[in-house]
Structure formats: C-alpha cells, structure tokens
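input06.txt (compact mmCIF, C-alpha atoms)
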```txt
# COMPACT_ATOMS: atom_id res chain seq x y z
CA MET G 364 -22.00 5.02 6.67
CA ALA G 365 -19.20 2.64 5.91
CA THR G 366 -15.77 4.13 5.27
CA HIS G 367 -15.13 1.70 2.42
CA ASN G 368 -17.75 2.71 -0.10
CA LEU G 369 -18.25 0.62 -3.18
CA ILE G 370 -18.19 2.95 -6.18
CA GLN G 371 -18.52 0.37 -8.94
CA THR G 372 -17.97 -3.28 -9.78
CA VAL G 373 -17.19 -4.39 -13.33
CA THR G 374 -17.49 -8.05 -14.36
CA VAL G 375 -16.11 -9.10 -17.72
CA GLY G 376 -18.60 -10.78 -20.00
CA ALA G 377 -18.28 -13.57 -22.51
CA GLY G 378 -15.64 -12.77 -25.07
CA GLY G 379 -13.35 -11.09 -22.58
CA ALA G 380 -12.18 -7.49 -22.40
CA ALA G 381 -8.93 -5.69 -23.07
CA SER G 382 -9.34 -3.60 -19.95
CA ILE G 383 -11.56 -2.66 -17.04
CA GLU G 384 -12.17 1.05 -16.72
CA PHE G 385 -13.69 3.19 -13.99
CA THR G 386 -14.70 6.65 -15.17
CA SER G 387 -16.21 9.74 -13.54
CA ILE G 388 -14.71 8.77 -10.19
CA PRO G 389 -16.27 10.94 -7.45
CA GLN G 390 -13.83 13.44 -5.92
CA THR G 391 -15.36 13.09 -2.47
CA TYR G 392 -13.14 10.42 -0.93
CA THR G 393 -9.67 10.42 0.58
CA ASP G 394 -8.22 7.29 -1.00
CA LEU G 395 -9.13 4.69 -3.63
CA LEU G 396 -8.89 0.92 -3.45
CA VAL G 397 -9.19 -1.42 -6.45
CA VAL G 398 -9.68 -5.13 -5.83
CA CYS G 399 -9.41 -7.30 -8.93
CA ASN G 400 -10.00 -11.02 -9.32
CA GLY G 401 -8.92 -11.95 -12.80
CA ARG G 402 -7.23 -14.12 -15.38
CA THR G 403 -5.63 -13.17 -18.68
CA SER G 404 -5.81 -14.86 -22.05
CA GLY G 405 -2.13 -14.16 -22.69
CA SER G 406 1.14 -15.77 -21.64
CA GLY G 407 1.81 -13.37 -18.84
CA ASN G 408 0.14 -12.52 -15.55
CA GLY G 409 1.06 -8.83 -15.14
CA ILE G 410 -1.50 -6.04 -14.80
CA ASN G 411 -1.01 -2.46 -15.95
CA ILE G 412 -2.70 0.60 -14.52
CA SER G 413 -3.32 4.01 -16.02
CA PHE G 414 -4.96 7.13 -14.67
CA ASN G 415 -7.03 9.65 -16.62
CA GLY G 416 -6.25 7.80 -19.85
CA ASN G 417 -2.60 8.80 -19.58
CA THR G 418 0.03 6.11 -20.16
CA SER G 419 3.13 8.30 -19.71
CA ASN G 420 5.25 9.30 -16.72
CA TYR G 421 4.94 6.11 -14.69
CA SER G 422 7.66 4.32 -12.76
CA ASN G 423 7.69 1.43 -10.34
CA ARG G 424 9.66 -1.14 -8.42
CA ALA G 425 8.39 -4.65 -7.78
CA LEU G 426 9.43 -7.36 -5.35
CA GLN G 427 8.48 -10.85 -6.47
CA GLY G 428 8.59 -14.33 -4.99
CA ASN G 429 8.01 -17.57 -6.89
CA GLY G 430 8.31 -20.17 -4.16
CA SER G 431 12.05 -20.56 -4.67
CA ASN G 432 13.59 -17.14 -5.12
CA ALA G 433 12.94 -13.48 -4.44
CA SER G 434 13.76 -10.91 -7.07
CA SER G 435 13.16 -7.27 -7.83
CA TYR G 436 12.55 -5.45 -11.08
CA GLY G 437 11.25 -2.19 -12.48
CA THR G 438 10.69 -3.26 -16.04
CA TYR G 439 7.00 -2.58 -16.48
CA ASN G 440 6.35 1.11 -15.88
CA ARG G 441 2.62 0.81 -15.16
CA ASN G 442 2.87 -2.40 -13.12
CA ALA G 443 -0.04 -2.89 -10.74
CA GLY G 444 0.34 -6.46 -9.54
CA MET G 445 -0.72 -9.70 -11.17
CA VAL G 446 -3.52 -12.19 -11.67
CA THR G 447 -3.29 -15.61 -13.38
CA ASP G 448 -2.66 -16.26 -17.07
CA SER G 449 -3.35 -18.85 -19.76
CA ASN G 450 -0.37 -20.97 -18.74
CA GLN G 451 -1.69 -21.55 -15.28
CA THR G 452 -4.15 -24.05 -13.88
CA ALA G 453 -7.51 -23.80 -15.62
CA SER G 454 -10.31 -21.94 -13.85
CA VAL G 455 -7.94 -20.35 -11.34
CA PHE G 456 -8.25 -16.59 -11.02
CA GLY G 457 -5.56 -14.49 -9.36
CA SER G 458 -6.01 -11.32 -7.35
CA THR G 459 -4.49 -7.90 -7.06
CA SER G 460 -5.32 -5.00 -4.78
CA ILE G 461 -4.24 -1.46 -5.59
CA TYR G 462 -4.27 1.31 -3.00
CA VAL G 463 -4.15 4.93 -4.20
CA PRO G 464 -3.91 7.50 -1.39
CA ASN G 465 -4.82 11.18 -1.80
CA TYR G 466 -6.07 10.68 -5.36
CA THR G 467 -7.65 14.15 -5.49
CA GLY G 468 -4.52 15.97 -4.29
CA SER G 469 -2.13 18.17 -6.22
CA THR G 470 0.98 16.04 -5.64
CA PHE G 471 2.34 13.19 -7.77
CA LYS G 472 0.30 10.03 -7.28
CA SER G 473 1.86 7.08 -5.49
CA TYR G 474 0.18 3.70 -5.31
CA SER G 475 0.78 0.29 -3.77
CA ALA G 476 -0.20 -2.99 -5.37
CA ASP G 477 -0.19 -6.51 -3.93
CA GLY G 478 -0.71 -9.30 -6.47
CA VAL G 479 -0.96 -13.07 -6.30
CA SER G 480 -0.91 -15.67 -9.06
CA GLU G 481 -1.38 -18.86 -7.10
CA HIS G 482 -2.21 -22.11 -8.88
CA ASN G 483 -1.55 -25.84 -8.71
CA ALA G 484 2.04 -26.15 -9.94
CA THR G 485 5.58 -26.12 -8.60
CA THR G 486 6.06 -22.44 -9.39
CA ALA G 487 3.58 -19.72 -8.54
CA TYR G 488 4.04 -16.01 -8.01
CA MET G 489 3.27 -13.10 -5.74
CA ASN G 490 4.50 -9.56 -5.87
CA ILE G 491 4.31 -6.22 -4.15
CA VAL G 492 4.70 -3.05 -6.15
CA ALA G 493 5.55 0.59 -5.50
CA GLY G 494 4.15 2.72 -8.29
CA LEU G 495 4.35 6.40 -9.08
CA TRP G 496 2.50 8.49 -11.65
CA SER G 497 4.47 11.73 -11.94
CA ASP G 498 1.46 13.92 -12.57
CA VAL G 499 -0.33 16.33 -10.24
CA ALA G 500 -3.79 15.96 -11.80
CA ALA G 501 -6.63 14.65 -9.67
CA ILE G 502 -7.54 11.12 -10.69
CA THR G 503 -10.94 11.00 -12.37
CA SER G 504 -10.62 7.72 -14.22
CA LEU G 505 -8.67 4.53 -13.69
CA THR G 506 -7.99 1.64 -16.05
CA ILE G 507 -6.44 -1.76 -15.41
CA SER G 508 -5.46 -4.03 -18.26
CA PRO G 509 -3.45 -7.22 -18.75
CA MET G 510 0.11 -6.73 -19.99
CA PHE G 511 -0.48 -9.72 -22.26
CA GLY G 512 -3.82 -10.69 -23.78
CA ASN G 513 -7.23 -9.77 -22.41
CA PHE G 514 -9.18 -10.28 -19.23
CA VAL G 515 -11.15 -13.50 -19.64
CA TYR G 516 -14.85 -14.07 -18.96
CA HIS G 517 -15.79 -13.74 -15.26
CA SER G 518 -12.82 -11.53 -14.37
CA SER G 519 -13.97 -8.70 -12.14
CA ALA G 520 -12.79 -5.59 -10.38
CA SER G 521 -14.33 -3.35 -7.74
CA LEU G 522 -13.45 0.25 -6.97
CA TYR G 523 -13.89 1.50 -3.43
CA GLY G 524 -13.70 5.04 -2.10
CA ILE G 525 -12.32 5.45 1.41
CA LYS G 526 -13.09 8.39 3.67
CA ASN G 527 -10.98 9.44 6.62
CA THR G 528 -13.94 10.97 8.45
CA MET U 1240 -25.25 -1.49 9.05
CA ASP U 1241 -22.54 -1.28 11.70
CA LYS U 1242 -19.22 0.09 10.69
CA THR U 1243 -16.40 -2.43 10.58
CA TYR U 1244 -13.71 -0.03 9.37
CA GLU U 1245 -14.08 3.23 11.22
CA PRO U 1246 -11.92 6.35 11.15
CA ILE U 1247 -10.70 7.22 14.65
CA ALA U 1248 -8.62 10.31 13.91
CA ALA U 1249 -6.85 12.05 11.04
CA GLN U 1250 -4.04 14.58 10.94
CA THR U 1251 -2.68 16.62 8.04
CA LEU U 1252 0.49 18.55 8.71
CA GLY U 1253 0.26 22.28 8.18
CA SER U 1254 3.96 22.57 8.91
CA ALA U 1255 6.87 20.17 9.18
CA ALA U 1256 6.89 17.97 12.27
CA ALA U 1257 9.26 15.37 13.68
CA SER U 1258 6.43 13.13 14.81
CA VAL U 1259 2.69 12.66 14.94
CA THR U 1260 0.85 11.09 17.87
CA PHE U 1261 -2.57 9.50 18.21
CA SER U 1262 -3.50 9.19 21.89
CA SER U 1263 -6.49 8.03 23.90
CA ILE U 1264 -7.19 5.37 21.28
CA PRO U 1265 -10.53 3.66 22.00
CA GLN U 1266 -10.17 0.06 23.14
CA THR U 1267 -13.33 -1.04 21.38
CA TYR U 1268 -11.90 -2.38 18.13
CA THR U 1269 -10.19 -5.61 17.17
CA ASP U 1270 -7.33 -4.18 15.09
CA LEU U 1271 -5.96 -0.82 14.06
CA VAL U 1272 -4.88 0.33 10.61
CA LEU U 1273 -2.74 3.42 10.17
CA ILE U 1274 -2.59 4.87 6.66
CA CYS U 1275 0.06 7.47 5.99
CA SER U 1276 1.02 9.53 2.97
CA VAL U 1277 4.33 11.04 3.99
CA GLN U 1278 7.29 12.97 2.69
CA ASP U 1279 10.62 13.63 4.35
CA ASN U 1280 11.22 17.32 4.89
CA THR U 1281 14.94 17.06 4.17
CA THR U 1282 15.97 18.01 0.65
CA GLY U 1283 18.25 15.43 -0.88
CA GLN U 1284 17.48 12.72 1.64
CA ILE U 1285 17.28 9.66 -0.58
CA GLN U 1286 15.56 7.34 1.83
CA SER U 1287 14.40 8.18 5.30
CA ASN U 1288 12.88 5.70 7.68
CA VAL U 1289 9.61 5.91 9.55
CA GLN U 1290 9.36 4.20 12.92
CA ILE U 1291 6.43 3.78 15.28
CA GLN U 1292 6.33 3.60 19.07
CA PHE U 1293 3.48 2.50 21.30
CA ASN U 1294 2.38 3.96 24.65
CA ASN U 1295 5.40 6.30 24.64
CA ASP U 1296 7.75 3.34 25.07
CA THR U 1297 11.16 4.55 23.81
CA GLY U 1298 13.05 1.53 25.12
CA SER U 1299 14.72 -1.16 23.05
CA ASN U 1300 11.64 -3.34 23.20
CA TYR U 1301 10.89 -3.71 19.52
CA SER U 1302 12.16 -5.99 16.76
CA TRP U 1303 11.37 -6.15 13.08
CA THR U 1304 12.13 -7.98 9.83
CA GLY U 1305 11.65 -6.47 6.41
CA ILE U 1306 12.04 -7.45 2.79
CA TYR U 1307 12.27 -4.91 0.01
CA GLY U 1308 12.91 -4.71 -3.70
CA ASN U 1309 14.75 -1.83 -5.34
CA GLY U 1310 14.35 -2.84 -8.96
CA THR U 1311 17.62 -4.74 -9.02
CA SER U 1312 17.65 -7.07 -6.07
CA ALA U 1313 15.56 -8.37 -3.20
CA VAL U 1314 16.98 -7.50 0.20
CA SER U 1315 15.99 -8.49 3.72
CA HIS U 1316 16.97 -6.50 6.77
CA ARG U 1317 16.30 -6.93 10.44
CA GLN U 1318 16.88 -5.34 13.80
CA ASN U 1319 16.23 -6.65 17.27
CA ASN U 1320 16.26 -4.52 20.41
CA SER U 1321 15.11 -1.62 18.30
CA THR U 1322 13.55 1.53 19.77
CA GLY U 1323 10.59 1.38 17.40
CA ALA U 1324 8.58 -0.73 15.01
CA TRP U 1325 9.67 -0.28 11.40
CA ALA U 1326 6.98 1.17 9.13
CA GLY U 1327 9.11 1.68 6.03
CA TYR U 1328 10.99 4.29 4.05
CA MET U 1329 9.68 7.61 2.76
CA SER U 1330 10.72 9.91 -0.02
CA SER U 1331 11.97 13.49 0.03
CA ALA U 1332 11.55 14.05 -3.70
CA SER U 1333 9.50 17.10 -4.61
CA GLY U 1334 5.83 16.30 -5.06
CA VAL U 1335 6.23 12.65 -4.04
CA PHE U 1336 4.49 11.34 -0.95
CA SER U 1337 5.12 7.75 0.12
CA PRO U 1338 2.17 5.55 1.07
CA ILE U 1339 2.39 3.40 4.20
CA VAL U 1340 -0.29 0.97 5.38
CA PHE U 1341 0.50 -0.17 8.92
CA GLN U 1342 -1.68 -2.80 10.64
CA ILE U 1343 -1.65 -3.36 14.39
CA ILE U 1344 -3.14 -6.72 15.24
CA ASN U 1345 -5.20 -7.37 18.39
CA TYR U 1346 -3.97 -4.12 19.91
CA SER U 1347 -6.24 -4.04 22.95
CA ASN U 1348 -5.49 -7.40 24.48
CA THR U 1349 -3.44 -7.47 27.67
CA THR U 1350 -1.98 -10.96 27.48
CA THR U 1351 0.20 -11.10 24.38
CA PHE U 1352 3.01 -9.08 22.84
CA LYS U 1353 1.85 -6.91 19.93
CA THR U 1354 2.64 -7.64 16.27
CA THR U 1355 2.32 -5.38 13.25
CA ILE U 1356 2.46 -5.67 9.47
CA SER U 1357 3.50 -2.81 7.22
CA ARG U 1358 3.45 -2.18 3.45
CA ALA U 1359 5.40 0.81 2.35
CA ASN U 1360 6.68 2.36 -0.85
CA LEU U 1361 9.50 4.79 -1.34
CA GLY U 1362 9.31 6.61 -4.65
CA THR U 1363 11.75 9.23 -5.84
CA LEU U 1364 12.55 11.00 -9.05
CA ASN U 1365 15.81 11.62 -10.81
CA PRO U 1366 18.56 12.27 -9.87
CA ASN U 1367 17.73 10.11 -6.87
CA THR U 1368 16.50 7.07 -8.71
CA THR U 1369 16.12 4.90 -5.65
CA THR U 1370 12.63 3.45 -5.41
CA ILE U 1371 11.72 0.72 -2.97
CA THR U 1372 8.69 -1.44 -2.25
CA GLU U 1373 8.73 -3.09 1.15
CA GLY U 1374 6.90 -5.45 3.49
CA VAL U 1375 7.73 -5.53 7.22
CA VAL U 1376 6.66 -7.37 10.34
CA SER U 1377 7.38 -5.86 13.75
CA LEU U 1378 7.02 -6.97 17.36
CA TRP U 1379 6.56 -4.89 20.49
CA ARG U 1380 7.51 -6.97 23.51
CA ASN U 1381 4.83 -5.64 25.83
CA THR U 1382 1.46 -7.02 26.91
CA ASN U 1383 -0.17 -3.66 27.59
CA ALA U 1384 -3.10 -2.58 25.48
CA ILE U 1385 -2.05 0.05 22.97
CA SER U 1386 -3.59 3.43 23.72
CA THR U 1387 -1.03 5.70 22.04
CA VAL U 1388 0.65 5.44 18.64
CA LYS U 1389 3.53 7.78 17.82
CA ILE U 1390 4.88 7.99 14.27
CA ASN U 1391 8.45 9.24 14.06
CA GLY U 1392 10.22 10.51 10.97
CA ALA U 1393 13.95 9.97 10.85
CA ILE U 1394 14.27 13.76 10.65
CA SER U 1395 10.85 15.28 10.07
CA PHE U 1396 7.68 14.94 8.03
CA ALA U 1397 6.96 17.58 5.41
CA THR U 1398 3.95 19.84 5.22
CA GLY U 1399 1.02 18.05 3.64
CA SER U 1400 1.87 14.65 5.06
CA THR U 1401 -1.30 12.85 6.16
CA PHE U 1402 -1.96 10.27 8.86
CA VAL U 1403 -5.26 8.45 9.37
CA LEU U 1404 -5.97 5.90 12.10
CA TYR U 1405 -8.80 3.43 11.54
CA GLY U 1406 -10.32 0.94 13.93
CA ILE U 1407 -11.50 -2.43 12.63
CA LYS U 1408 -14.11 -4.56 14.30
CA ALA U 1409 -14.25 -8.27 13.73
CA ALA U 1410 -17.94 -8.24 14.52
```

Would you write out, as structure tokens, the structure that this file holds?
Amino acid sequence: MATHNLIQTVTVGAGGAASIEFTSIPQTYTDLLVVCNGRTSGSGNGINISFNGNTSNYSNRALQGNGSNASSYGTYNRNAGMVTDSNQTASVFGSTSIYVPNYTGSTFKSYSADGVSEHNATTAYMNIVAGLWSDVAAITSLTISPMFGNFVYHSSASLYGIKNT
Amino acid sequence: MDKTYEPIAAQTLGSAAASVTFSSIPQTYTDLVLICSVQDNTTGQIQSNVQIQFNNDTGSNYSWTGIYGNGTSAVSHRQNNSTGAWAGYMSSASGVFSPIVFQIINYSNTTTFKTTISRANLGTLNPNTTTITEGVVSLWRNTNAISTVKINGAISFATGSTFVLYGIKAA
C-alpha cells in the first residue's frame, strides 16, 4: 500500500467554481496533502483555505518573490499559496501544494503552502506560506477558493492522505 | 505496485526530549524525507531553532543558507562551519506545533557531500506575534552514506512532538 493515498480529485467543469471542497475526510491518516493546479477568473492569484467550514481564527505569514524582489506579508489570514489569474498568460495554470500535518490531533492546526504563478511575462510570482488555524477540532472537511473570482474550467485539486506506518 | 514513498520509522514523544535519533537507516532508497511536527518545551521561547546532524558528526562540517518572511520583511541568514544542518524554527506557543519538511538528497552515495532542503513554519499566538515561514538549504561536507539522523532542539522538544522518516525510491 502506498503511503500517499489519493482520497479524491476534483476537476472544475465548464462555468467555473467558487471553490473546491473535500468533505467527509477519513480520519485514518497522519497528514494531508492538497495539490492544486488552477487559474482564477479574478485579478488576483491568491488562494484561501478553510477547514470544517470555519473561516475564523486563521493567521499566516508569507514570503514572496517576483523575479526582482523578495517581500513578506501576513495580510490574507487564510492564505494557502497561489495559482495564476486572469491577468496572466492565457491557458497557463499555476500550482499550489498545501501540507497539513496531524490533522486529526487535538492541537491547533499548522499548515505549509508552496505556490507558484509562473507565466510568460517580466514579472511572475512564487510564495511560501506558514498558516495556522487556532482550533483544536479534527479536520473533516477542507475548502480552497480563489481570493478573487472563481476557479476557471479545468482547474483541479487532489487530496492525499499520508500514513506514517 | 511498489512503494516509492515508504515510512522507515516514526517517533512521538511521550515526554520532553532534547533530541530524537533515527539510526540504522536502510541504504536502499534514493532520498530521505523527514517530516516533523514539533514544539519547543520552553515557555516563552519565541523562536527556537531545530538543527540536524548526520552519523553523529558534531563537528563544524555543515553550512546552510535560509530565507524567511515574518510578515514585514524578507530576511536571509547563513552560517558556515556550523555544527548542524538548519531545519528551521519551531514554536513554544501553547497548542501550536510547527511543521518541518526536511529532504535529504542522494543520502546513500559515498562520493559526494550531502545536501538538504527544508521548509519550516514557526507559528505563535499573542503575545508572541512572531510567525515565520522559511526555506533552507544545507550542506554536510562528508562523503559517507548517511545511516543516522539526529534532530536537535535548541533546548528540548515538547511532549507530543512527532518525527517521521520516509524513504523515497526513484524506481
């Protein structure tokens, strides 16, 4: 048995989607990994995350590079990386991976996100994010959504469960 | 289907410990990945570093370069002739465990020095509002195959900290 077990893949259909949601997540793994390949219809490439339908008690710090400068910010509380947006080269989809350790535990939930928004222009972006959900509940559902606009057609995300045995 | 990402060993601390060691690591994989969820056991410690040593080498044979963001600025730091590879910072805030993903590339070869990549997050709560996200590369100037990995907390790891070592096969 593989240690990275695919739980579910969601692919956005024609017309787009405001979010991608994974529900009824099995409580039998150690960690979770979300891998998203997406593009937003809005003028912004950021991705939000929420657990168990709760959008409160999140904090984060991000480190971002754009090809010229490095910067850091903590503006978007539910930041979970980035994809590409409507201002970027057509047909290019960005990627973000989100790692959530000990998602069934009784401690606050930390996560790491690595996002890229590469395209054919002078400026492109990547970021790494430290996120914290200050809640001790086990994670049973997970939602990612664009900060601006919707996920466009063909965006996709996969949720993996990882076992340490 | 063969496993390509296989758990080698896992440890969960039942009491605070200054370090955790994985020894007798099989030499049958291509790379190693260490995944930690750790908390510093020292109340009030805002940021505490985690360093890693290989094969019980405590000499100044390591170097590393990191870049981190704290919400205000991007900062790079570096140390040569270090006594350990830099994995990242961890939190001591109540209920907060810091995730670290530490990759050891081509660990079993006996011809090249060993390089590592780490992604770490330090998250704390008020009144210690420091939160950091970090990426680090480290070098161990030794050609020996890695058979032991020792993870050191600056002071000690708290109860409930977890450490899992995975082996990855390229084929």

Would you kindly report the residues of chain U within 10 Å of chain G, using only C-alpha atoms, as a PyMOL selection string? chain U and resi 1240-1250+1274-1276+1306-1314+1333-1340+1358-1364+1369-1374+1399+1401-1405

Can you list, as an MDAnalysis selection string, every protein, DNA or RNA residue that comes within 10 Å of Gly512 (chain G) when you count all atoms listed in the file, leaving out same-chain residues fewer than 4 positions away? chainID G and resid 379:382 402:408 448:449 508

In Å to one decimal, how far is CA of Tyr466 (chain G) from CA of Phe1293 (chain U)? 29.5 Å

Scan for residues within 6 Å of the point (-5.7, -0.6, -7.0) in the coordinates of the file, using all atoms listed in the file, and reply as a ChimeraX atom specification. /G:396-397,460-462

So that I can see what lies close to Asp1270 (chain U), please list as a ChimeraX atom specification the residues with an atom at most 12 Å from it, counting all atoms listed in the file and leaving out residues fewer than 6 positions away in the same chain. /U:1243-1245,1247,1264,1341-1348,1353-1356,1384-1385,1404-1410

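Separating CA of Gly1305 (chain U) from CA of Leu1378 (chain U) is a distance of 11.9 Å.
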
Which value, in Å to one decimal, gives the distance between CA of Phe414 (chain G) and CA of Val446 (chain G)? 19.6 Å

As AutoDock Vina command-line options, what would the box around region 1325-1329 of chain U look like: edges along x, y and z, 8 Å added on every side, centre and edge lengths in Å to one decimal?
```
--center_x 9.0 --center_y 3.7 --center_z 7.1 --size_x 20.0 --size_y 23.9 --size_z 24.6
```

What lies within 7 Å of Lys1389 (chain U) using only C-alpha atoms, ignoring chain neighbours under 4 positions off, as an MDAnalysis selection string? chainID U and resid 1258:1261 1291:1293

6 Å contact set for Thr1382 (chain U), all atoms listed in the file, chain neighbours under 3 positions out, as a ChimeraX atom specification: /U:1349-1352

Which residues are close to region 371-374 of chain G, i.e. within 9 Å by all atoms listed in the file, leaving aside same-chain residues fewer than 5 positions away? Reply as JSON, numbers by chain. {"G": [383, 384, 385, 516, 517, 518, 519, 520, 521, 522, 523]}

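Distances here use all atoms listed in the file; by that measure, the residue among G:Thr393, G:Asn400, G:Asn450, G:Ser419 closest to Phe511 (chain G) is G:Asn450.
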
Residue nearest Trp1379 (chain U) among U:Ala1324, U:Ala1255, U:Val1272, U:Met1329 (counting all atoms listed in the file):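 For Trp1379 (chain U), the nearest of the candidates is U:Ala1324.
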